[in-house]
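*Asks:* I am sharing final_24.txt, which consists of compact mmCIF, N, CA and C atoms:
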# COMPACT_ATOMS: atom_id res chain seq x y z
N MET A 28 87.59 149.03 117.65
CA MET A 28 88.76 149.29 116.82
C MET A 28 90.02 148.98 117.64
N LEU A 29 90.95 148.30 117.03
CA LEU A 29 92.21 147.93 117.68
C LEU A 29 93.13 149.14 117.74
N MET A 30 93.62 149.43 118.94
CA MET A 30 94.56 150.53 119.14
C MET A 30 95.98 149.97 119.15
N CYS A 31 96.97 150.84 119.08
CA CYS A 31 98.38 150.43 119.03
C CYS A 31 98.76 149.55 120.21
N ARG A 32 98.34 149.92 121.40
CA ARG A 32 98.68 149.14 122.59
C ARG A 32 98.08 147.74 122.50
N GLY A 33 96.86 147.63 122.03
CA GLY A 33 96.22 146.32 121.87
C GLY A 33 96.95 145.46 120.86
N LEU A 34 97.40 146.07 119.78
CA LEU A 34 98.16 145.32 118.78
C LEU A 34 99.47 144.82 119.39
N ALA A 35 100.14 145.66 120.15
CA ALA A 35 101.41 145.27 120.75
C ALA A 35 101.22 144.07 121.68
N GLU A 36 100.09 144.02 122.35
CA GLU A 36 99.82 142.92 123.29
C GLU A 36 99.61 141.58 122.58
N ILE A 37 99.15 141.61 121.33
CA ILE A 37 98.88 140.35 120.61
C ILE A 37 99.81 140.15 119.42
N ALA A 38 100.83 140.98 119.30
CA ALA A 38 101.72 140.93 118.14
C ALA A 38 102.40 139.57 117.98
N SER A 39 102.88 138.99 119.06
CA SER A 39 103.56 137.69 118.95
C SER A 39 102.60 136.61 118.48
N ASP A 40 101.38 136.64 119.01
CA ASP A 40 100.38 135.67 118.56
C ASP A 40 100.06 135.86 117.07
N TYR A 41 100.02 137.11 116.63
CA TYR A 41 99.78 137.41 115.21
C TYR A 41 100.89 136.82 114.35
N ILE A 42 102.13 137.07 114.72
CA ILE A 42 103.27 136.57 113.95
C ILE A 42 103.31 135.05 113.95
N ASP A 43 102.94 134.45 115.07
CA ASP A 43 102.96 132.99 115.18
C ASP A 43 101.73 132.33 114.55
N GLY A 44 100.79 133.13 114.05
CA GLY A 44 99.60 132.58 113.41
C GLY A 44 98.61 131.97 114.39
N GLU A 45 98.58 132.50 115.61
CA GLU A 45 97.74 131.92 116.66
C GLU A 45 96.46 132.72 116.93
N LEU A 46 96.16 133.71 116.12
CA LEU A 46 94.95 134.50 116.32
C LEU A 46 93.79 133.88 115.57
N SER A 47 92.58 134.18 116.03
CA SER A 47 91.39 133.75 115.30
C SER A 47 91.32 134.53 113.99
N GLY A 48 90.48 134.08 113.09
CA GLY A 48 90.32 134.77 111.81
C GLY A 48 89.90 136.21 111.99
N ARG A 49 89.00 136.45 112.92
CA ARG A 49 88.52 137.81 113.17
C ARG A 49 89.63 138.69 113.74
N GLN A 50 90.39 138.16 114.72
CA GLN A 50 91.50 138.93 115.29
C GLN A 50 92.55 139.22 114.24
N ASN A 51 92.85 138.23 113.41
CA ASN A 51 93.84 138.40 112.35
C ASN A 51 93.43 139.52 111.40
N LEU A 52 92.17 139.55 111.03
CA LEU A 52 91.66 140.58 110.13
C LEU A 52 91.74 141.96 110.80
N THR A 53 91.42 142.02 112.09
CA THR A 53 91.49 143.28 112.82
C THR A 53 92.92 143.81 112.85
N VAL A 54 93.89 142.92 113.08
CA VAL A 54 95.30 143.34 113.08
C VAL A 54 95.70 143.84 111.70
N LYS A 55 95.32 143.11 110.67
CA LYS A 55 95.68 143.53 109.30
C LYS A 55 95.10 144.89 108.95
N MET A 56 93.86 145.13 109.37
CA MET A 56 93.25 146.44 109.11
C MET A 56 94.01 147.55 109.83
N HIS A 57 94.40 147.29 111.09
CA HIS A 57 95.16 148.29 111.84
C HIS A 57 96.51 148.55 111.16
N LEU A 58 97.16 147.48 110.72
CA LEU A 58 98.48 147.64 110.08
C LEU A 58 98.38 148.43 108.78
N MET A 59 97.25 148.32 108.08
CA MET A 59 97.07 149.09 106.85
C MET A 59 97.06 150.60 107.15
N MET A 60 96.61 150.96 108.34
CA MET A 60 96.46 152.38 108.68
C MET A 60 97.59 152.94 109.55
N CYS A 61 98.41 152.08 110.14
CA CYS A 61 99.37 152.56 111.13
C CYS A 61 100.81 152.18 110.76
N LYS A 62 101.56 153.14 110.31
CA LYS A 62 102.95 152.92 109.91
C LYS A 62 103.81 152.47 111.10
N ASP A 63 103.58 153.06 112.27
CA ASP A 63 104.38 152.70 113.44
C ASP A 63 104.20 151.23 113.81
N CYS A 64 103.00 150.75 113.74
CA CYS A 64 102.75 149.34 114.07
C CYS A 64 103.29 148.41 112.97
N ARG A 65 103.24 148.85 111.71
CA ARG A 65 103.87 148.05 110.65
C ARG A 65 105.36 147.91 110.92
N THR A 66 105.98 149.00 111.33
CA THR A 66 107.40 148.96 111.67
C THR A 66 107.64 148.04 112.85
N PHE A 67 106.80 148.14 113.88
CA PHE A 67 106.92 147.30 115.06
C PHE A 67 106.81 145.82 114.69
N ILE A 68 105.82 145.46 113.90
CA ILE A 68 105.63 144.06 113.50
C ILE A 68 106.82 143.61 112.65
N GLY A 69 107.30 144.44 111.77
CA GLY A 69 108.46 144.10 110.95
C GLY A 69 109.70 143.85 111.81
N ASN A 70 109.90 144.71 112.80
CA ASN A 70 111.05 144.53 113.71
C ASN A 70 110.90 143.26 114.55
N LEU A 71 109.68 142.99 115.00
CA LEU A 71 109.44 141.78 115.79
C LEU A 71 109.69 140.53 114.95
N ARG A 72 109.24 140.54 113.71
CA ARG A 72 109.49 139.40 112.80
C ARG A 72 110.99 139.22 112.57
N ALA A 73 111.68 140.32 112.33
CA ALA A 73 113.13 140.25 112.10
C ALA A 73 113.84 139.70 113.33
N SER A 74 113.42 140.14 114.51
CA SER A 74 114.02 139.64 115.75
C SER A 74 113.77 138.14 115.91
N ASN A 75 112.54 137.72 115.63
CA ASN A 75 112.22 136.29 115.71
C ASN A 75 113.08 135.49 114.75
N ASN A 76 113.22 135.97 113.54
CA ASN A 76 114.03 135.27 112.53
C ASN A 76 115.49 135.20 112.95
N LEU A 77 115.99 136.28 113.49
CA LEU A 77 117.37 136.32 113.95
C LEU A 77 117.60 135.32 115.09
N LEU A 78 116.67 135.30 116.03
CA LEU A 78 116.78 134.35 117.14
C LEU A 78 116.73 132.90 116.66
N ARG A 79 115.84 132.63 115.73
CA ARG A 79 115.75 131.27 115.19
C ARG A 79 117.02 130.87 114.46
N ALA A 80 117.57 131.79 113.71
CA ALA A 80 118.77 131.50 112.92
C ALA A 80 119.98 131.22 113.80
N HIS A 81 120.01 131.83 114.97
CA HIS A 81 121.18 131.70 115.84
C HIS A 81 120.91 130.88 117.09
N SER A 82 119.81 130.20 117.10
CA SER A 82 119.44 129.40 118.26
C SER A 82 119.81 127.94 118.04
N SER A 83 120.35 127.33 119.06
CA SER A 83 120.72 125.92 118.96
C SER A 83 119.59 125.02 119.43
N GLY A 84 118.53 125.59 119.93
CA GLY A 84 117.41 124.78 120.41
C GLY A 84 116.30 125.65 120.93
N ARG A 85 115.42 125.05 121.65
CA ARG A 85 114.25 125.74 122.20
C ARG A 85 114.66 126.54 123.44
N ALA A 86 114.14 127.75 123.53
CA ALA A 86 114.45 128.61 124.67
C ALA A 86 113.74 128.09 125.92
N ASP A 87 114.34 128.32 127.05
CA ASP A 87 113.77 127.96 128.34
C ASP A 87 112.44 128.69 128.54
N GLU A 88 111.41 127.97 128.93
CA GLU A 88 110.08 128.57 129.10
C GLU A 88 110.07 129.67 130.15
N GLU A 89 110.81 129.49 131.23
CA GLU A 89 110.87 130.52 132.27
C GLU A 89 111.51 131.80 131.73
N PHE A 90 112.53 131.65 130.93
CA PHE A 90 113.19 132.79 130.31
C PHE A 90 112.21 133.54 129.40
N LEU A 91 111.46 132.81 128.60
CA LEU A 91 110.47 133.44 127.72
C LEU A 91 109.38 134.15 128.52
N ARG A 92 108.95 133.54 129.61
CA ARG A 92 107.93 134.16 130.46
C ARG A 92 108.43 135.48 131.03
N ARG A 93 109.70 135.51 131.47
CA ARG A 93 110.27 136.74 132.02
C ARG A 93 110.37 137.82 130.95
N ILE A 94 110.73 137.43 129.74
CA ILE A 94 110.79 138.41 128.64
C ILE A 94 109.40 138.98 128.38
N ASP A 95 108.38 138.11 128.31
CA ASP A 95 107.01 138.58 128.09
C ASP A 95 106.57 139.55 129.18
N GLU A 96 106.91 139.26 130.42
CA GLU A 96 106.55 140.14 131.53
C GLU A 96 107.22 141.50 131.39
N ARG A 97 108.50 141.50 131.04
CA ARG A 97 109.24 142.76 130.90
C ARG A 97 108.67 143.60 129.75
N VAL A 98 108.35 142.94 128.64
CA VAL A 98 107.77 143.66 127.50
C VAL A 98 106.43 144.26 127.90
N SER A 99 105.59 143.48 128.58
CA SER A 99 104.28 143.98 129.02
C SER A 99 104.44 145.17 129.96
N GLU A 100 105.36 145.09 130.91
CA GLU A 100 105.60 146.19 131.83
C GLU A 100 106.05 147.44 131.09
N THR A 101 106.93 147.26 130.12
CA THR A 101 107.43 148.40 129.35
C THR A 101 106.31 149.03 128.54
N LEU A 102 105.48 148.19 127.91
CA LEU A 102 104.37 148.71 127.11
C LEU A 102 103.38 149.49 127.97
N LYS A 103 103.14 149.03 129.18
CA LYS A 103 102.20 149.72 130.06
C LYS A 103 102.73 151.08 130.50
N SER A 104 104.04 151.26 130.50
CA SER A 104 104.62 152.52 130.95
C SER A 104 104.87 153.50 129.80
N GLN A 105 104.62 153.07 128.57
CA GLN A 105 104.87 153.91 127.40
C GLN A 105 103.57 154.53 126.89
N PRO A 106 103.66 155.66 126.18
CA PRO A 106 102.48 156.18 125.49
C PRO A 106 101.99 155.11 124.52
N THR A 107 100.72 155.11 124.25
CA THR A 107 100.14 154.03 123.45
C THR A 107 100.43 154.15 121.96
N GLY A 108 100.75 155.29 121.47
CA GLY A 108 101.06 155.45 120.05
C GLY A 108 100.88 156.90 119.66
N PRO A 109 101.22 157.22 118.42
CA PRO A 109 101.18 158.62 117.99
C PRO A 109 99.77 159.21 118.04
N ASN A 110 98.75 158.39 117.82
CA ASN A 110 97.39 158.87 117.82
C ASN A 110 96.72 158.73 119.18
N ASP A 111 97.40 158.10 120.13
CA ASP A 111 96.81 157.80 121.41
C ASP A 111 97.36 158.65 122.55
N SER A 112 98.31 159.53 122.29
CA SER A 112 98.96 160.27 123.36
C SER A 112 98.01 161.30 123.96
N ASN A 113 98.33 161.71 125.18
CA ASN A 113 97.52 162.71 125.87
C ASN A 113 98.03 164.11 125.58
N ASP A 114 99.09 164.22 124.79
CA ASP A 114 99.64 165.54 124.49
C ASP A 114 98.70 166.30 123.57
N THR A 115 98.50 167.54 123.87
CA THR A 115 97.71 168.39 122.99
C THR A 115 98.59 169.52 122.52
N PRO A 116 98.43 169.92 121.26
CA PRO A 116 99.26 171.02 120.74
C PRO A 116 98.99 172.29 121.52
N GLN A 117 100.03 173.01 121.79
CA GLN A 117 99.91 174.30 122.48
C GLN A 117 99.72 175.40 121.46
N SER A 118 98.82 176.34 121.72
CA SER A 118 98.58 177.45 120.79
C SER A 118 99.47 178.61 121.10
Turn this file's structure into structure tokens for me.
*Replies:*
Amino acid sequence: MLMCRGLAEIASDYIDGELSGRQNLTVKMHLMMCKDCRTFIGNLRASNNLLRAHSSGRADEEFLRRIDERVSETLKSQPTGPNDSNDTPQS
């Protein structure tokens, strides 16, 4: 089963249509069940559209690589999602 962190790692590939049929179906199933990830994908799509609309050309590959690295680092330091946290309710 795809968890929130796993979806975040392949979200750009999903939006760009670069996933296999099986991966695409797995992402869609997760999105049906997870509001937070639907919001995340929606925001990522909106960001991509905004960048395309205001871009005069192709972004520098090194710049894109640095962005991907920063996003990955940030994701690794964050809780994985509302259902994945280590927090337990206190009685």
*Asks:* Padding 8 Å on each side, edges along x, y and z: where is the centre of the box around the listed atoms of region 95-108 of chain A, and how long are its edges in Å to one decimal? Output it as AutoDock Vina command-line options.
*Replies:*
--center_x 104.7 --center_y 147.5 --center_z 125.7 --size_x 25.1 --size_y 34.8 --size_z 28.2
*Asks:* Record the distance separating CA of Asn51 (chain A) and atom N of Leu34 (chain A), expressed in Å with one decimal.
*Replies:*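 CA of Asn51 (chain A) sits 11.3 Å away from atom N of Leu34 (chain A).
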*Asks:* How far is it from CA of Ile94 (chain A) to atom N of Ala35 (chain A), in Å with one decimal?
*Replies:*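 Here the two named atoms are 15.4 Å from each other.
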*Asks:* With only C-alpha atoms as the counted atoms, please give the residues lying no more than 10 Å from region 73-82 of chain A, apart from itself and same-chain residues fewer than 3 positions off, as an NGL selection string.
*Replies:* :A and (39 or 42-43 or 67-70 or 85-86)
*Asks:* Please report the interatomic distance between atom C of Leu58 (chain A) and atom C of Met28 (chain A) in Å with one decimal.
*Replies:* 12.2 Å
*Asks:* To test your reading of the structure, identify every residue in chain A that backbone DSSP assigns to helix (DSSP H, G or I), and report it as an MDAnalysis selection string.
*Replies:* chainID A and resid 31:42 48:60 62:80 88:104
*Asks:* For a quick check of understanding, using only C-alpha atoms, which of A:Val54, A:Met59, A:Cys64, A:Leu91 has the smallest distance to Leu29 (chain A)?
*Replies:* A:Val54
*Asks:* Restricting the calculation to only N, CA and C atoms, which member of A:Met30, A:Gly44, A:Phe90, A:Glu36 is positioned closest to Leu102 (chain A)?
*Replies:* A:Glu36
*Asks:* Of the candidates A:Glu96, A:Cys31, A:Thr101, A:Pro106, which one gets nearest to Met56 (chain A) if we count only C-alpha atoms?
*Replies:* A:Cys31
